[in-house]
>>> print(open('start-v8.csv').read())   # CSV, C-alpha atoms and all ligand atoms
chain,number,residue,atom,x,y,z
V,400,MET,CA,-31.8,50.0,-82.6
V,401,PRO,CA,-28.1,50.2,-81.7
V,402,VAL,CA,-26.2,52.8,-83.6
V,403,CYS,CA,-23.8,50.4,-85.2
V,404,SER,CA,-26.5,48.3,-86.8
V,405,GLU,CA,-27.7,51.4,-88.6
V,406,ASN,CA,-24.4,52.8,-89.6
V,407,TYR,CA,-22.2,49.8,-89.8
V,408,GLU,CA,-21.8,49.9,-93.5
V,409,SER,CA,-20.0,53.3,-93.3
V,410,GLU,CA,-17.4,51.7,-91.0
V,411,ILE,CA,-16.4,49.3,-93.7
V,412,ALA,CA,-14.0,50.1,-96.5
V,413,GLU,CA,-12.9,47.3,-98.9
V,414,GLY,CA,-14.2,44.8,-96.4
V,415,ARG,CA,-12.1,46.2,-93.5
V,416,ASN,CA,-12.6,48.6,-90.6
V,417,CYS,CA,-11.9,52.1,-91.8
V,418,ARG,CA,-11.6,53.6,-88.3
V,419,SER,CA,-10.0,52.5,-85.0
V,420,VAL,CA,-12.0,50.1,-82.9
V,421,LYS,CA,-12.1,51.2,-79.3
V,422,CYS,CA,-13.7,50.3,-76.0
V,423,LYS,CA,-17.1,51.9,-75.5
V,424,PHE,CA,-16.4,52.5,-71.8
V,425,CYS,CA,-12.8,53.6,-71.6
V,426,GLY,CA,-11.7,54.3,-75.1
V,427,SER,CA,-8.8,51.9,-75.0
V,428,VAL,CA,-7.7,51.1,-78.6
V,429,ILE,CA,-8.6,47.5,-79.5
V,430,LEU,CA,-7.8,47.5,-83.2
V,431,SER,CA,-6.1,49.9,-85.5
V,432,PRO,CA,-7.8,51.0,-88.8
V,433,SER,CA,-7.8,48.4,-91.6
V,434,THR,CA,-6.6,45.5,-89.5
V,435,ALA,CA,-9.8,43.5,-89.3
V,436,THR,CA,-12.3,42.1,-91.9
V,437,PHE,CA,-16.0,42.4,-91.7
V,438,ALA,CA,-18.1,39.3,-91.1
V,439,SER,CA,-21.8,38.7,-90.8
V,440,PHE,CA,-23.3,35.7,-89.1
V,441,GLU,CA,-25.4,35.1,-85.9
V,442,PHE,CA,-23.9,34.3,-82.6
V,443,GLN,CA,-25.3,34.2,-79.1
V,444,LEU,CA,-23.0,36.5,-77.1
V,445,PRO,CA,-23.4,36.7,-73.3
V,446,LEU,CA,-24.5,40.2,-72.0
V,447,ILE,CA,-21.8,42.3,-70.3
V,448,ARG,CA,-23.7,42.6,-67.0
V,449,GLN,CA,-25.1,39.4,-65.5
V,450,ASN,CA,-27.4,38.9,-62.6
V,451,LYS,CA,-25.5,37.1,-59.8
V,452,SER,CA,-28.3,34.6,-59.4
V,453,ASN,CA,-27.8,33.1,-62.9
V,454,GLU,CA,-24.1,32.6,-63.3
V,455,THR,CA,-24.6,29.0,-64.5
V,456,GLU,CA,-26.8,30.1,-67.4
V,457,PRO,CA,-25.7,33.5,-68.6
V,458,GLU,CA,-28.1,35.8,-70.4
V,459,THR,CA,-27.2,36.2,-74.1
V,460,GLU,CA,-28.2,38.2,-77.1
V,461,THR,CA,-28.0,37.6,-80.8
V,462,VAL,CA,-25.1,39.5,-82.4
V,463,SER,CA,-24.7,39.5,-86.2
V,464,PHE,CA,-21.9,41.9,-87.2
V,465,PHE,CA,-18.3,41.2,-86.4
V,466,TRP,CA,-14.7,42.3,-87.1
V,467,SER,CA,-12.8,39.2,-87.8
V,468,VAL,CA,-9.1,38.9,-86.8
V,469,SER,CA,-7.1,35.9,-87.8
V,470,ASP,CA,-3.9,36.6,-85.9
V,471,MET,CA,-4.5,37.5,-82.2
V,472,TYR,CA,-1.3,39.6,-82.1
V,473,THR,CA,-3.1,42.0,-84.5
V,474,PHE,CA,-5.0,43.4,-81.5
V,475,GLN,CA,-3.6,46.6,-80.0
V,476,ASN,CA,-5.0,45.8,-76.6
V,477,VAL,CA,-7.4,43.0,-75.6
V,478,GLY,CA,-8.0,40.5,-72.9
V,479,PHE,CA,-8.7,36.8,-73.5
V,480,SER,CA,-10.9,35.0,-70.9
V,481,HIS,CA,-10.4,31.4,-69.8
V,482,THR,CA,-11.8,28.8,-72.1
V,483,VAL,CA,-15.5,28.1,-72.2
V,484,GLY,CA,-16.3,25.1,-74.5
V,485,ASN,CA,-14.5,26.0,-77.8
V,486,ASN,CA,-14.2,29.7,-77.2
V,487,LYS,CA,-12.4,32.3,-75.2
V,488,TYR,CA,-14.3,35.6,-74.7
V,489,LEU,CA,-12.7,38.9,-75.5
V,490,ALA,CA,-12.6,41.9,-73.1
V,491,CYS,CA,-11.2,45.4,-73.0
V,492,ALA,CA,-7.6,45.1,-71.7
V,493,ASP,CA,-7.9,48.3,-69.7
V,494,CYS,CA,-11.3,48.3,-68.0
V,495,GLU,CA,-12.2,44.6,-68.6
V,496,ALA,CA,-15.6,45.4,-70.1
V,497,GLY,CA,-16.8,42.4,-72.0
V,498,PRO,CA,-17.5,40.2,-73.7
V,499,ILE,CA,-16.8,42.4,-76.7
V,500,GLY,CA,-16.5,39.3,-78.8
V,501,TYR,CA,-15.1,35.8,-78.8
V,502,HIS,CA,-12.1,33.8,-80.0
V,503,ASP,CA,-12.9,30.5,-81.7
V,504,LEU,CA,-10.2,27.9,-80.6
V,505,THR,CA,-11.0,25.6,-83.5
V,506,ASN,CA,-10.0,28.1,-86.2
V,507,LYS,CA,-8.0,30.5,-84.1
V,508,THR,CA,-10.0,33.4,-85.3
V,509,SER,CA,-11.3,36.2,-83.1
V,510,PHE,CA,-14.5,38.1,-83.6
V,511,VAL,CA,-15.2,41.5,-82.2
V,512,ALA,CA,-18.9,42.5,-82.1
V,513,LEU,CA,-19.5,45.9,-83.7
V,514,SER,CA,-22.3,46.6,-81.3
V,515,ARG,CA,-20.0,46.2,-78.3
V,516,VAL,CA,-17.4,48.6,-79.4
V,517,GLN,CA,-17.1,52.2,-80.6
V,518,HIS,CA,-15.4,53.4,-83.8
V,519,SER,CA,-13.4,56.7,-84.0
I,352,MET,CA,-2.8,39.1,-95.9
I,353,ALA,CA,-2.8,41.9,-93.3
I,354,LYS,CA,0.6,43.4,-92.7
I,355,LYS,CA,2.4,42.7,-89.4
I,356,THR,CA,1.3,45.5,-87.0
I,357,TYR,CA,4.2,45.2,-84.5
I,358,ASP,CA,8.0,44.9,-84.3
I,359,LEU,CA,8.4,42.6,-81.3
I,360,LEU,CA,6.4,40.2,-79.2
I,361,PHE,CA,7.2,39.6,-75.6
I,362,LYS,CA,5.6,36.9,-73.5
I,363,LEU,CA,5.4,37.7,-69.8
I,364,LEU,CA,4.3,35.5,-66.9
I,365,LEU,CA,3.0,36.5,-63.5
I,366,ILE,CA,4.1,34.0,-60.8
I,367,GLY,CA,4.2,33.9,-57.0
I,368,ASP,CA,2.4,32.4,-54.0
I,369,SER,CA,-1.4,32.1,-53.9
I,370,GLY,CA,-3.1,35.3,-52.7
I,371,VAL,CA,-0.3,37.8,-53.5
I,372,GLY,CA,-2.5,39.5,-56.1
I,373,LYS,CA,-1.3,38.2,-59.4
I,374,THR,CA,-4.9,38.0,-60.8
I,375,CYS,CA,-5.7,41.5,-59.5
I,376,ILE,CA,-2.6,42.8,-61.2
I,377,LEU,CA,-3.8,41.5,-64.5
I,378,PHE,CA,-7.5,42.0,-63.9
I,379,ARG,CA,-8.6,45.1,-62.1
I,380,PHE,CA,-12.4,45.0,-62.2
I,381,SER,CA,-14.3,44.7,-59.0
I,382,ASP,CA,-17.9,43.5,-58.7
I,383,ASP,CA,-20.6,45.4,-57.0
I,384,ALA,CA,-23.0,43.7,-54.6
I,385,PHE,CA,-25.7,42.6,-57.1
I,386,THR,CA,-24.4,42.3,-60.5
I,387,THR,CA,-21.2,40.9,-61.9
I,388,THR,CA,-19.8,41.0,-65.4
I,389,PHE,CA,-19.6,37.9,-67.4
I,390,ILE,CA,-15.9,38.3,-67.8
I,391,SER,CA,-15.1,38.6,-64.1
I,392,THR,CA,-17.0,35.3,-63.5
I,393,ILE,CA,-14.9,33.4,-66.1
I,394,GLY,CA,-11.6,35.2,-65.4
I,395,ILE,CA,-8.9,36.5,-67.7
I,396,ASP,CA,-6.4,34.0,-69.1
I,397,PHE,CA,-4.0,36.5,-70.7
I,398,LYS,CA,-3.9,40.0,-72.1
I,399,ILE,CA,-2.3,41.5,-75.2
I,400,LYS,CA,-1.1,45.0,-74.8
I,401,THR,CA,0.8,47.2,-77.2
I,402,VAL,CA,3.5,49.6,-75.9
I,403,GLU,CA,5.8,51.8,-77.8
I,404,LEU,CA,9.4,51.8,-76.6
I,405,ARG,CA,12.2,53.6,-78.5
I,406,GLY,CA,10.1,53.8,-81.6
I,407,LYS,CA,9.4,50.1,-81.6
I,408,LYS,CA,5.8,48.7,-81.4
I,409,ILE,CA,5.9,46.0,-78.9
I,410,LYS,CA,3.2,43.5,-78.1
I,411,LEU,CA,3.1,42.2,-74.6
I,412,GLN,CA,1.3,39.0,-74.0
I,413,ILE,CA,0.8,38.7,-70.2
I,414,TRP,CA,-0.3,35.5,-68.6
I,415,ASP,CA,-1.7,34.9,-65.2
I,416,THR,CA,-0.9,31.6,-63.5
I,417,ALA,CA,-3.2,29.4,-61.6
I,418,GLY,CA,-3.4,29.8,-57.8
I,419,GLN,CA,-2.9,26.2,-56.8
I,420,GLU,CA,0.5,26.0,-58.5
I,421,ARG,CA,3.4,25.5,-56.1
I,422,PHE,CA,7.0,26.1,-57.1
I,423,HIS,CA,7.8,22.4,-56.7
I,424,THR,CA,5.1,21.4,-59.2
I,425,ILE,CA,6.2,23.9,-61.8
I,426,THR,CA,8.5,22.6,-64.5
I,427,THR,CA,9.9,23.6,-67.9
I,428,SER,CA,6.7,23.5,-69.9
I,429,TYR,CA,5.2,26.1,-67.6
I,430,TYR,CA,7.8,28.6,-68.5
I,431,ARG,CA,8.0,27.8,-72.2
I,432,GLY,CA,8.3,30.9,-74.4
I,433,ALA,CA,8.3,33.3,-71.4
I,434,MET,CA,10.8,36.1,-72.0
I,435,GLY,CA,9.9,38.0,-68.8
I,436,ILE,CA,8.7,37.0,-65.4
I,437,MET,CA,7.0,39.1,-62.8
I,438,LEU,CA,7.7,37.5,-59.5
I,439,VAL,CA,5.1,38.8,-57.0
I,440,TYR,CA,5.0,38.7,-53.2
I,441,ASP,CA,2.6,40.4,-50.7
I,442,ILE,CA,4.2,43.0,-48.4
I,443,THR,CA,1.7,41.9,-45.7
I,444,ASN,CA,2.7,38.3,-46.0
I,445,GLU,CA,6.1,37.3,-44.7
I,446,LYS,CA,5.9,33.7,-46.1
I,447,SER,CA,5.2,34.9,-49.6
I,448,PHE,CA,8.4,37.0,-49.4
I,449,GLU,CA,10.5,34.1,-48.1
I,450,ASN,CA,9.3,32.0,-51.0
I,451,ILE,CA,10.7,34.5,-53.5
I,452,VAL,CA,14.1,32.8,-53.1
I,453,LYS,CA,12.4,29.4,-53.9
I,454,TRP,CA,10.7,30.8,-56.9
I,455,LEU,CA,14.0,32.3,-58.2
I,456,ARG,CA,15.6,28.9,-57.8
I,457,ASN,CA,12.8,27.3,-59.7
I,458,ILE,CA,13.1,29.8,-62.5
I,459,ASP,CA,16.8,29.2,-62.7
I,460,GLU,CA,16.2,25.5,-63.0
I,461,HIS,CA,13.3,25.5,-65.5
I,462,ALA,CA,13.0,28.8,-67.4
I,463,ASN,CA,15.0,30.0,-70.3
I,464,GLU,CA,18.3,31.1,-68.9
I,465,ASP,CA,18.1,34.7,-70.2
I,466,VAL,CA,14.6,35.3,-69.1
I,467,GLU,CA,14.2,38.8,-67.6
I,468,LYS,CA,12.9,38.9,-64.1
I,469,MET,CA,11.4,41.5,-61.9
I,470,ILE,CA,10.2,41.3,-58.3
I,471,LEU,CA,7.0,43.1,-57.2
I,472,GLY,CA,6.1,43.8,-53.6
I,473,ASN,CA,2.3,44.0,-54.1
I,474,LYS,CA,-0.4,45.5,-51.8
I,475,CYS,CA,1.7,48.5,-50.9
I,476,ASP,CA,-1.6,50.4,-50.2
I,477,MET,CA,-1.9,48.3,-47.0
I,478,SER,CA,0.9,50.1,-45.0
I,479,ASP,CA,-0.8,49.4,-41.7
I,480,LYS,CA,-0.5,45.6,-42.3
I,481,ARG,CA,3.0,45.7,-43.8
I,482,THR,CA,5.4,43.0,-42.5
I,483,VAL,CA,8.0,43.2,-45.2
I,484,SER,CA,9.9,46.4,-45.4
I,485,LYS,CA,10.7,48.0,-48.8
I,486,GLU,CA,14.4,47.7,-48.0
I,487,ARG,CA,14.2,43.9,-47.7
I,488,GLY,CA,12.6,43.8,-51.1
I,489,GLU,CA,15.3,46.0,-52.5
I,490,THR,CA,18.0,44.0,-50.9
I,491,ILE,CA,16.9,40.6,-52.3
I,492,ALA,CA,16.5,42.2,-55.7
I,493,ARG,CA,20.0,43.7,-55.6
I,494,GLU,CA,21.5,40.4,-54.5
I,495,HIS,CA,20.0,38.6,-57.5
I,496,GLY,CA,20.6,41.5,-59.9
I,497,ILE,CA,16.9,41.9,-60.6
I,498,ARG,CA,14.6,45.0,-60.8
I,499,PHE,CA,12.3,45.7,-58.0
I,500,MET,CA,9.2,47.8,-57.4
I,501,GLU,CA,6.4,48.0,-54.9
I,502,THR,CA,2.9,47.9,-56.4
I,503,SER,CA,-0.7,48.1,-55.6
I,504,ALA,CA,-3.2,46.4,-57.9
I,505,LYS,CA,-6.0,47.9,-55.7
I,506,ALA,CA,-4.8,51.5,-55.8
I,507,ASN,CA,-3.3,51.1,-59.3
I,508,ILE,CA,0.2,52.1,-58.2
I,509,ASN,CA,3.2,51.2,-60.5
I,510,ILE,CA,1.3,48.5,-62.4
I,511,ASP,CA,1.7,49.9,-65.8
I,512,LYS,CA,5.2,51.1,-65.0
I,513,ALA,CA,6.2,47.7,-63.9
I,514,PHE,CA,5.2,46.1,-67.2
I,515,ASN,CA,6.9,48.9,-69.1
I,516,ASP,CA,10.1,48.6,-67.3
I,517,LEU,CA,10.2,44.8,-67.7
I,518,ALA,CA,9.5,45.2,-71.4
I,519,GLU,CA,12.3,47.8,-71.6
I,520,ALA,CA,14.7,45.4,-69.9
I,521,ILE,CA,13.9,42.7,-72.4
I,522,LEU,CA,14.3,45.2,-75.2
I,523,ASP,CA,17.7,46.1,-73.9
I,524,LYS,CA,18.8,42.5,-74.2
I,525,THR,CA,17.3,42.1,-77.6
I,526,ALA,CA,18.9,45.3,-78.8
I,527,GLY,CA,22.2,44.3,-77.3
I,528,ARG,CA,22.3,41.2,-79.5
I,529,GLU,CA,21.7,43.1,-82.7
I,530,PRO,CA,24.9,44.7,-84.0
I,531,GLY,CA,24.5,48.3,-85.0
I,532,ASP,CA,21.3,48.7,-83.0
I,533,HIS,CA,21.6,51.9,-81.1
I,534,VAL,CA,20.2,51.8,-77.6
I,535,ASP,CA,18.5,55.1,-76.8
I,536,ARG,CA,19.7,56.3,-73.4
I,537,VAL,CA,17.3,59.3,-73.1
I,538,LEU,CA,15.1,57.6,-70.5
I,539,VAL,CA,18.0,56.6,-68.4
I,540,ASP,CA,19.5,60.1,-68.6
I,541,ARG,CA,16.2,61.6,-67.5
I,542,LYS,CA,16.1,59.3,-64.4
I,543,GLN,CA,19.7,60.3,-63.5
I,544,GLN,CA,18.8,63.9,-63.8
I,545,SER,CA,15.9,63.7,-61.4
I,546,ASN,CA,18.2,61.9,-58.9
I,547,THR,CA,20.7,64.6,-59.2
I,548,SER,CA,18.2,67.4,-58.6
I,549,ARG,CA,16.9,65.6,-55.5
I,550,SER,CA,20.4,65.3,-54.0
I,551,CYS,CA,20.8,69.1,-54.7
I,552,CYS,CA,17.8,69.8,-52.6
I,553,ASN,CA,19.2,67.8,-49.7
I,554,ASN,CA,22.3,69.8,-49.7
G,1,LIG,N1,-5.2,45.8,-50.4
G,1,LIG,C1,-4.9,45.1,-51.5
G,1,LIG,N2,-5.4,43.9,-51.8
G,1,LIG,C2,-5.0,43.3,-52.9
G,1,LIG,C3,-4.1,43.8,-53.8
G,1,LIG,N3,-4.0,42.9,-54.8
G,1,LIG,C4,-4.7,41.9,-54.5
G,1,LIG,N4,-5.4,42.1,-53.4
G,1,LIG,C5,-6.3,41.1,-52.7
G,1,LIG,O1,-5.6,39.9,-52.4
G,1,LIG,C6,-6.5,38.8,-52.6
G,1,LIG,C7,-5.8,37.8,-53.5
G,1,LIG,O2,-5.6,38.4,-54.8
G,1,LIG,P1,-5.5,37.5,-56.1
G,1,LIG,O3,-5.2,38.4,-57.2
G,1,LIG,O4,-6.7,36.6,-56.3
G,1,LIG,O5,-4.2,36.6,-55.8
G,1,LIG,P2,-3.5,35.6,-56.7
G,1,LIG,O6,-2.1,35.8,-56.6
G,1,LIG,O7,-4.1,35.6,-58.1
G,1,LIG,O8,-3.8,34.2,-56.0
G,1,LIG,P3,-3.9,32.8,-56.7
G,1,LIG,O9,-4.8,32.9,-57.9
G,1,LIG,O10,-4.5,31.9,-55.6
G,1,LIG,O11,-2.5,32.3,-57.0
G,1,LIG,C8,-7.8,39.3,-53.1
G,1,LIG,O12,-8.7,39.4,-52.0
G,1,LIG,C9,-7.5,40.7,-53.6
G,1,LIG,O13,-8.6,41.6,-53.5
G,1,LIG,C10,-3.6,45.1,-53.6
G,1,LIG,O14,-2.8,45.7,-54.3
G,1,LIG,N5,-4.0,45.7,-52.4
G,2,MG,MG,-5.1,34.2,-59.3
>>> encode(input="start-v8.csv", output="structure tokens")
Amino acid sequence: MPVCSENYESEIAEGRNCRSVKCKFCGSVILSPSTATFASFEFQLPLIRQNKSNETEPETETVSFFWSVSDMYTFQNVGFSHTVGNNKYLACADCEAGPIGYHDLTNKTSFVALSRVQHS
Amino acid sequence: MAKKTYDLLFKLLLIGDSGVGKTCILFRFSDDAFTTTFISTIGIDFKIKTVELRGKKIKLQIWDTAGQERFHTITTSYYRGAMGIMLVYDITNEKSFENIVKWLRNIDEHANEDVEKMILGNKCDMSDKRTVSKERGETIAREHGIRFMETSAKANINIDKAFNDLAEAILDKTAGREPGDHVDRVLVDRKQQSNTSRSCCNN
């Protein structure tokens, strides 16, 4: 079981992230403490690494815990992918690992998956 | 509501001929032979980066532009909101350098008149294939009163510095408009010092 699913409750204080949200791979700061709100729902998020043979149908996994950000300029550092359907996917701005979450164009809200980032 | 986490927001645009390396400047990941990342398949539209300059938290929103665009098809809407433009050519591609003048004319016609510009001579890691000398880049930049730098997206040379310098130039303009806003000259002084010490060594 991923670490964050076990301990995610300790990352939340008054509905917000109590620590910085950083890239798992390079440590780039994505969100400062207390700038995002916790949200729980299910979303099929594509895996970071994909086999080259199935680019048309990316492999996904169900992700349930997110940091929700309503103003994209709240992010310290982040990359937005080109649009796919109603979404843009989020990536680390420095090493480009991703998707670490997605941006919903209909409500202009960004969701960072707790399982795809580290907290410190 | 969450409090505002920054002081200023600068929108920057990367433009230049197809193949000069705009996308690589923004997106530095390279695939290996068998797997790819989901993100590199879709591509990055823009990045948000936070820098701190003179005690101010500045958000940079950096946009890549589509490869098929040609300067004669680019009009006002394309530049809307841009406060800084990175104009990129390829030091191994003469044509891309000649087109810098056309891009500049296009920017003058269509972009906000006080947009801050910077010229980048990219792919400076490929010295064996170089066809445009650094001096020519410096000359054209001087003629137009624009900053200039040679970069390599591949070897990660001067990329972060270029964005920092462009942001600083925009900040200078912004600060100049605010009465009583002291422009900190520490950085400039330091540059001058290092120049002085270098000329000392030459003596
Ligand atoms: N050696 C070297 N190659 C580079 C560098 N930057 C980009 N390239 C290569 O140049 C080619 C074109 O780079 P892109 O970033 O796709 O160019 P672009 O300006 O985005 O082109 P368009 O999207 O068509 O406008 C690619 O094969 C890159 O690998 C660099 O700094 N050094
Ligand atoms: Mg491109």
>>> interface_residues(input="start-v8.csv", of="chain V", to="chain I", cutoff="8 Å", atoms="all atoms listed in the file", output="ChimeraX atom specification")
/V:434,445-451,454,457,472-481,488,490,492,494-498
>>> residues_around(input="start-v8.csv", residues="Ser419 of chain V", least_positions_apart="2", cutoff="12 Å", atoms="all atoms listed in the file", output="list in words")
Glu410, Ile411, Arg415, Asn416, Cys417, Lys421, Cys422, Lys423, Gly426, Ser427, Val428, Ile429, Leu430, Ser431, Pro432, Ser433, Thr434, Ala435, Trp466, Phe474, Gln475, Asn476, Leu513, Val516, Gln517, His518 and Ser519 of chain V
>>> write_last_selection(input="start-v8.csv", atoms="C-alpha atoms", output="tab-separated table (two decimals), keeping the file's coordinate frame")
chain	number	residue	atom	x	y	z
V	410	GLU	CA	-17.40	51.70	-91.00
V	411	ILE	CA	-16.40	49.30	-93.70
V	415	ARG	CA	-12.10	46.20	-93.50
V	416	ASN	CA	-12.60	48.60	-90.60
V	417	CYS	CA	-11.90	52.10	-91.80
V	421	LYS	CA	-12.10	51.20	-79.30
V	422	CYS	CA	-13.70	50.30	-76.00
V	423	LYS	CA	-17.10	51.90	-75.50
V	426	GLY	CA	-11.70	54.30	-75.10
V	427	SER	CA	-8.80	51.90	-75.00
V	428	VAL	CA	-7.70	51.10	-78.60
V	429	ILE	CA	-8.60	47.50	-79.50
V	430	LEU	CA	-7.80	47.50	-83.20
V	431	SER	CA	-6.10	49.90	-85.50
V	432	PRO	CA	-7.80	51.00	-88.80
V	433	SER	CA	-7.80	48.40	-91.60
V	434	THR	CA	-6.60	45.50	-89.50
V	435	ALA	CA	-9.80	43.50	-89.30
V	466	TRP	CA	-14.70	42.30	-87.10
V	474	PHE	CA	-5.00	43.40	-81.50
V	475	GLN	CA	-3.60	46.60	-80.00
V	476	ASN	CA	-5.00	45.80	-76.60
V	513	LEU	CA	-19.50	45.90	-83.70
V	516	VAL	CA	-17.40	48.60	-79.40
V	517	GLN	CA	-17.10	52.20	-80.60
V	518	HIS	CA	-15.40	53.40	-83.80
V	519	SER	CA	-13.40	56.70	-84.00
>>> atom_distance(input="start-v8.csv", atom1="atom CA of Leu444 of chain V", atom2="atom CA of Val462 of chain V")
6.4 Å
>>> atom_distance(input="start-v8.csv", atom1="atom CA of Ile442 of chain I", atom2="atom CA of His461 of chain I")
26.1 Å
>>> residues_near_ligand(input="start-v8.csv", ligand="ligand LIG 1 (chain G)", cutoff="7 Å", atoms="all atoms listed in the file", output="list in words")
Gly367, Asp368, Ser369, Gly370, Val371, Gly372, Lys373, Thr374, Cys375, Ile376, Thr416, Ala417, Gly418, Gln419, Asn473, Lys474, Cys475, Asp476, Met477, Thr502, Ser503, Ala504, Lys505 and Ala506 of chain I
>>> atom_distance(input="start-v8.csv", atom1="atom CA of Glu441 of chain V", atom2="atom CA of Ser469 of chain V")
18.4 Å
>>> residues_around(input="start-v8.csv", residues="Glu464 of chain I", least_positions_apart="6", cutoff="12 Å", atoms="only C-alpha atoms", output="list in words")
Thr427, Tyr430, Arg431, Gly432, Ala433, Met434, Gly435, Ile436, Leu455, Arg456, Asn457 and Ile458 of chain I
>>> closest_residue(input="start-v8.csv", among="I:Glu501, I:Glu486, I:Asp415, I:Glu494", to="ligand MG 2 (chain G)", atoms="all atoms listed in the file")
I:Asp415
>>> residues_around(input="start-v8.csv", residues="Leu404 of chain I", least_positions_apart="6", cutoff="10 Å", atoms="all atoms listed in the file", output="JSON, numbers by chain")
{"I": [515, 516, 518, 519, 522, 535]}
>>> residues_around(input="start-v8.csv", residues="Ile499 of chain V", least_positions_apart="6", cutoff="6 Å", atoms="only C-alpha atoms", output="PyMOL selection string")
chain V and resi 489-490+511-512+515
>>> decode(input="start-v8.csv", residues="segment 458-483 of chain I", atoms="C-alpha atoms", output="PDB file, in the first residue's frame")
ATOM      1  CA  ILE I 458       6.608  41.630 -32.420  1.00  0.00           C
ATOM      2  CA  ASP I 459       6.778  45.391 -33.006  1.00  0.00           C
ATOM      3  CA  GLU I 460       3.616  45.239 -35.094  1.00  0.00           C
ATOM      4  CA  HIS I 461       1.537  42.982 -32.928  1.00  0.00           C
ATOM      5  CA  ALA I 462       2.784  42.712 -29.372  1.00  0.00           C
ATOM      6  CA  ASN I 463       2.330  45.139 -26.508  1.00  0.00           C
ATOM      7  CA  GLU I 464       4.791  47.945 -27.171  1.00  0.00           C
ATOM      8  CA  ASP I 465       6.630  47.640 -23.888  1.00  0.00           C
ATOM      9  CA  VAL I 466       7.017  43.877 -24.039  1.00  0.00           C
ATOM     10  CA  GLU I 467      10.500  42.888 -22.863  1.00  0.00           C
ATOM     11  CA  LYS I 468      12.467  40.857 -25.393  1.00  0.00           C
ATOM     12  CA  MET I 469      15.486  38.604 -25.206  1.00  0.00           C
ATOM     13  CA  ILE I 470      17.320  36.778 -27.990  1.00  0.00           C
ATOM     14  CA  LEU I 471      18.585  33.251 -27.374  1.00  0.00           C
ATOM     15  CA  GLY I 472      21.125  31.524 -29.625  1.00  0.00           C
ATOM     16  CA  ASN I 473      20.253  27.924 -28.764  1.00  0.00           C
ATOM     17  CA  LYS I 474      22.167  24.637 -29.292  1.00  0.00           C
ATOM     18  CA  CYS I 475      25.482  26.173 -28.225  1.00  0.00           C
ATOM     19  CA  ASP I 476      26.591  22.656 -27.279  1.00  0.00           C
ATOM     20  CA  MET I 477      26.959  21.903 -31.000  1.00  0.00           C
ATOM     21  CA  SER I 478      30.080  23.964 -31.604  1.00  0.00           C
ATOM     22  CA  ASP I 479      31.253  21.726 -34.477  1.00  0.00           C
ATOM     23  CA  LYS I 480      28.102  22.519 -36.466  1.00  0.00           C
ATOM     24  CA  ARG I 481      27.964  26.227 -35.618  1.00  0.00           C
ATOM     25  CA  THR I 482      27.236  28.576 -38.524  1.00  0.00           C
ATOM     26  CA  VAL I 483      26.220  31.700 -36.584  1.00  0.00           C
TER      27      VAL I 483
END
